[in-house]
Amino acid sequence: MASSNAEKATDQLNKSSNALNNVMMPTTKTKTKLLKRDLMVLCLRVLAVLATASATIVMALNKQTKSFVVATIGNNPIKVSITAKFNHTPAFVFFVIANGNACLHNLVMIAMDLFGSKFDYKGLRLALIAILDMMIVALAAAGDGAATFMSELGKNGNSHAQWNKICDKFEPYCNRGAAALASSFAGIILLLIITGMSIIKLLKPNRINDIVP
């Protein structure tokens, strides 16, 4: 009789253990999935930092000096040195500021992703990250748009406004500017993906911070 009761108790204990495992299994899988998603966002932010930092540095250091013959006195040519720098064009200055802010933003967001959960208040951290991500995408896109317009003008000019192109005379300067633009556009694509994932993370009911370990 005692042996039978012990077997029944053991069976009930095993059933309870199996039921508990079945309940905990989806939570563990969900937690692992969300951790992988957070790691993916973190990697994308690192890539965005590299892209926007590269664009900022290349454009900020973009400079070329070239000498042109403007007159000839006898057999002696009169030369004038002209320097092309990024800060001669307000659009390029805005480009540097926008990408610099995007780089700094992602560095701050990486820190918030790593350590911000300790100081989160009622999920406001996720909302703040999503809002700031959208704002920085708008800022970076505006900077890229302005710089792209001026780059097109420098490359092809505008015959209607009688604006001559300069890239045939300052080719290295224009090539470096194009490289900065390409890097910045790559950063914007990464920022768009990050922003979408931030919004999804904000709206998803089962977030990693809401799962009890």
# chains A, B, ... in the order shown; residues from 1 in each chain; ligands from 1

call {"tool": "residues_around", "arguments": {"residues": "A:His105", "least_positions_apart": "4", "cutoff": "12 Å", "atoms": "only C-alpha atoms", "output": "MDAnalysis selection string"}}
result
chainID A and resid 45:46 48:49 52:53 97:101 109:112 129:137 139:140 191

call {"tool": "residues_around", "arguments": {"residues": "stretch 167-171 of chain A", "least_positions_apart": "4", "cutoff": "10 Å", "atoms": "only C-alpha atoms", "output": "PDB file with C-alpha atoms, in the first residue's frame"}}
result
ATOM      1  CA  LYS A  63      40.566  69.554 -49.192  1.00  0.00           C
ATOM      2  CA  GLN A  64      42.412  70.163 -52.437  1.00  0.00           C
ATOM      3  CA  THR A  65      44.597  73.034 -53.623  1.00  0.00           C
ATOM      4  CA  LYS A  66      45.265  73.564 -57.297  1.00  0.00           C
ATOM      5  CA  PHE A  68      45.536  77.824 -62.372  1.00  0.00           C
ATOM      6  CA  ILE A  82      42.595  77.960 -55.382  1.00  0.00           C
ATOM      7  CA  THR A  83      41.641  75.711 -52.485  1.00  0.00           C
ATOM      8  CA  ALA A  84      38.455  73.673 -52.377  1.00  0.00           C
ATOM      9  CA  SER A 151      27.637  67.255 -55.423  1.00  0.00           C
ATOM     10  CA  GLU A 152      25.441  66.960 -58.495  1.00  0.00           C
ATOM     11  CA  LEU A 153      25.847  70.676 -59.117  1.00  0.00           C
ATOM     12  CA  GLY A 154      29.616  70.430 -58.762  1.00  0.00           C
ATOM     13  CA  LYS A 155      29.807  67.465 -61.109  1.00  0.00           C
ATOM     14  CA  ASN A 156      27.491  68.605 -63.903  1.00  0.00           C
ATOM     15  CA  GLY A 157      26.892  72.303 -63.244  1.00  0.00           C
ATOM     16  CA  ASN A 175      35.902  61.682 -55.501  1.00  0.00           C
ATOM     17  CA  ARG A 176      36.452  61.931 -51.756  1.00  0.00           C
ATOM     18  CA  GLY A 177      33.137  63.719 -51.398  1.00  0.00           C
TER      19      GLY A 177
END

call {"tool": "closest_residue", "arguments": {"among": "A:Ile194, A:Ala179, A:Met59, A:Ala146", "to": "A:Ala91", "atoms": "only C-alpha atoms"}}
result
A:Ala146

call {"tool": "closest_residue", "arguments": {"among": "A:Ser184, A:Asn62, A:Thr72, A:Asn87", "to": "A:Ala141", "atoms": "only C-alpha atoms"}}
result
A:Ser184

call {"tool": "residues_around", "arguments": {"residues": "A:Phe185", "least_positions_apart": "4", "cutoff": "8 Å", "atoms": "only C-alpha atoms", "output": "list in words"}}
result
Asp144, Leu181 and Ile189 of chain A

call {"tool": "write_last_selection", "arguments": {"atoms": "N, CA and C atoms", "output": "mmCIF file, in the first residue's frame"}}
result
data_model
loop_
_atom_site.group_PDB
_atom_site.id
_atom_site.type_symbol
_atom_site.label_atom_id
_atom_site.label_comp_id
_atom_site.auth_asym_id
_atom_site.auth_seq_id
_atom_site.Cartn_x
_atom_site.Cartn_y
_atom_site.Cartn_z
ATOM 1 N N ASP A 144 22.266 64.338 -46.079
ATOM 2 C CA ASP A 144 22.645 63.645 -47.314
ATOM 3 C C ASP A 144 21.980 64.277 -48.531
ATOM 4 N N LEU A 181 29.680 60.462 -49.281
ATOM 5 C CA LEU A 181 28.241 60.313 -49.513
ATOM 6 C C LEU A 181 27.833 58.841 -49.523
ATOM 7 N N ILE A 189 20.778 53.621 -44.485
ATOM 8 C CA ILE A 189 20.081 52.340 -44.656
ATOM 9 C C ILE A 189 20.113 51.544 -43.353
#

call {"tool": "atom_distance", "arguments": {"atom1": "atom CA of A:Ala180", "atom2": "atom CA of A:Thr148"}}
result
10.5 Å

call {"tool": "atom_distance", "arguments": {"atom1": "atom CA of A:Asn106", "atom2": "atom CA of A:Ala142"}}
result
17.5 Å

call {"tool": "closest_residue", "arguments": {"among": "A:Leu203, A:Cys103, A:Ala161, A:Met150", "to": "A:Thr56", "atoms": "only C-alpha atoms"}}
result
A:Cys103

call {"tool": "atom_distance", "arguments": {"atom1": "atom CA of A:Leu61", "atom2": "atom CA of A:Phe86"}}
result
7.8 Å

call {"tool": "decode", "arguments": {"residues": "stretch 155-181 of chain A", "atoms": "N, CA and C atoms", "output": "PDB file, in the first residue's frame"}}
result
ATOM      1  N   LYS A 155      29.396  68.411 -60.068  1.00  0.00           N
ATOM      2  CA  LYS A 155      29.807  67.465 -61.109  1.00  0.00           C
ATOM      3  C   LYS A 155      29.333  67.880 -62.493  1.00  0.00           C
ATOM      4  N   ASN A 156      28.078  68.321 -62.590  1.00  0.00           N
ATOM      5  CA  ASN A 156      27.491  68.605 -63.903  1.00  0.00           C
ATOM      6  C   ASN A 156      27.192  70.080 -64.140  1.00  0.00           C
ATOM      7  N   GLY A 157      27.225  70.897 -63.083  1.00  0.00           N
ATOM      8  CA  GLY A 157      26.892  72.303 -63.244  1.00  0.00           C
ATOM      9  C   GLY A 157      25.414  72.496 -63.540  1.00  0.00           C
ATOM     10  N   ASN A 158      25.065  73.725 -63.907  1.00  0.00           N
ATOM     11  CA  ASN A 158      23.684  74.045 -64.268  1.00  0.00           C
ATOM     12  C   ASN A 158      23.723  75.104 -65.366  1.00  0.00           C
ATOM     13  N   SER A 159      23.448  74.661 -66.569  1.00  0.00           N
ATOM     14  CA  SER A 159      23.548  75.575 -67.715  1.00  0.00           C
ATOM     15  C   SER A 159      22.489  76.669 -67.668  1.00  0.00           C
ATOM     16  N   HIS A 160      21.342  76.391 -67.080  1.00  0.00           N
ATOM     17  CA  HIS A 160      20.277  77.390 -67.007  1.00  0.00           C
ATOM     18  C   HIS A 160      20.653  78.538 -66.072  1.00  0.00           C
ATOM     19  N   ALA A 161      21.321  78.204 -64.977  1.00  0.00           N
ATOM     20  CA  ALA A 161      21.736  79.235 -64.023  1.00  0.00           C
ATOM     21  C   ALA A 161      23.153  79.735 -64.290  1.00  0.00           C
ATOM     22  N   GLN A 162      23.783  79.200 -65.340  1.00  0.00           N
ATOM     23  CA  GLN A 162      25.160  79.572 -65.686  1.00  0.00           C
ATOM     24  C   GLN A 162      26.145  79.238 -64.567  1.00  0.00           C
ATOM     25  N   TRP A 163      25.913  78.086 -63.918  1.00  0.00           N
ATOM     26  CA  TRP A 163      26.841  77.606 -62.897  1.00  0.00           C
ATOM     27  C   TRP A 163      27.724  76.534 -63.524  1.00  0.00           C
ATOM     28  N   ASN A 164      29.004  76.770 -63.516  1.00  0.00           N
ATOM     29  CA  ASN A 164      29.936  75.835 -64.135  1.00  0.00           C
ATOM     30  C   ASN A 164      30.268  74.686 -63.186  1.00  0.00           C
ATOM     31  N   LYS A 165      30.533  73.536 -63.759  1.00  0.00           N
ATOM     32  CA  LYS A 165      30.955  72.400 -62.945  1.00  0.00           C
ATOM     33  C   LYS A 165      32.404  72.594 -62.502  1.00  0.00           C
ATOM     34  N   ILE A 166      32.757  71.973 -61.389  1.00  0.00           N
ATOM     35  CA  ILE A 166      34.122  72.115 -60.864  1.00  0.00           C
ATOM     36  C   ILE A 166      34.833  70.771 -60.733  1.00  0.00           C
ATOM     37  N   CYS A 167      34.098  69.678 -60.856  1.00  0.00           N
ATOM     38  CA  CYS A 167      34.716  68.372 -60.626  1.00  0.00           C
ATOM     39  C   CYS A 167      35.718  67.997 -61.718  1.00  0.00           C
ATOM     40  N   ASP A 168      35.632  68.652 -62.868  1.00  0.00           N
ATOM     41  CA  ASP A 168      36.649  68.398 -63.888  1.00  0.00           C
ATOM     42  C   ASP A 168      37.974  69.052 -63.516  1.00  0.00           C
ATOM     43  N   LYS A 169      37.931  70.010 -62.600  1.00  0.00           N
ATOM     44  CA  LYS A 169      39.145  70.703 -62.153  1.00  0.00           C
ATOM     45  C   LYS A 169      39.612  70.213 -60.782  1.00  0.00           C
ATOM     46  N   PHE A 170      38.690  69.750 -59.954  1.00  0.00           N
ATOM     47  CA  PHE A 170      39.022  69.253 -58.608  1.00  0.00           C
ATOM     48  C   PHE A 170      38.523  67.813 -58.472  1.00  0.00           C
ATOM     49  N   GLU A 171      39.055  66.956 -59.311  1.00  0.00           N
ATOM     50  CA  GLU A 171      38.563  65.572 -59.351  1.00  0.00           C
ATOM     51  C   GLU A 171      38.812  64.811 -58.051  1.00  0.00           C
ATOM     52  N   PRO A 172      40.012  64.850 -57.456  1.00  0.00           N
ATOM     53  CA  PRO A 172      40.205  64.132 -56.176  1.00  0.00           C
ATOM     54  C   PRO A 172      39.267  64.622 -55.078  1.00  0.00           C
ATOM     55  N   TYR A 173      39.043  65.929 -55.041  1.00  0.00           N
ATOM     56  CA  TYR A 173      38.133  66.503 -54.047  1.00  0.00           C
ATOM     57  C   TYR A 173      36.725  65.932 -54.222  1.00  0.00           C
ATOM     58  N   CYS A 174      36.268  65.869 -55.451  1.00  0.00           N
ATOM     59  CA  CYS A 174      34.928  65.348 -55.720  1.00  0.00           C
ATOM     60  C   CYS A 174      34.845  63.846 -55.445  1.00  0.00           C
ATOM     61  N   ASN A 175      35.911  63.126 -55.752  1.00  0.00           N
ATOM     62  CA  ASN A 175      35.902  61.682 -55.501  1.00  0.00           C
ATOM     63  C   ASN A 175      35.811  61.376 -54.008  1.00  0.00           C
ATOM     64  N   ARG A 176      36.536  62.139 -53.210  1.00  0.00           N
ATOM     65  CA  ARG A 176      36.452  61.931 -51.756  1.00  0.00           C
ATOM     66  C   ARG A 176      35.066  62.305 -51.234  1.00  0.00           C
ATOM     67  N   GLY A 177      34.496  63.357 -51.790  1.00  0.00           N
ATOM     68  CA  GLY A 177      33.137  63.719 -51.398  1.00  0.00           C
ATOM     69  C   GLY A 177      32.136  62.632 -51.755  1.00  0.00           C
ATOM     70  N   ALA A 178      32.319  62.021 -52.927  1.00  0.00           N
ATOM     71  CA  ALA A 178      31.427  60.928 -53.336  1.00  0.00           C
ATOM     72  C   ALA A 178      31.569  59.728 -52.405  1.00  0.00           C
ATOM     73  N   ALA A 179      32.801  59.442 -51.981  1.00  0.00           N
ATOM     74  CA  ALA A 179      33.015  58.334 -51.044  1.00  0.00           C
ATOM     75  C   ALA A 179      32.328  58.610 -49.706  1.00  0.00           C
ATOM     76  N   ALA A 180      32.406  59.859 -49.253  1.00  0.00           N
ATOM     77  CA  ALA A 180      31.732  60.223 -48.004  1.00  0.00           C
ATOM     78  C   ALA A 180      30.219  60.066 -48.136  1.00  0.00           C
ATOM     79  N   LEU A 181      29.680  60.462 -49.281  1.00  0.00           N
ATOM     80  CA  LEU A 181      28.241  60.313 -49.513  1.00  0.00           C
ATOM     81  C   LEU A 181      27.833  58.841 -49.523  1.00  0.00           C
TER      82      LEU A 181
END
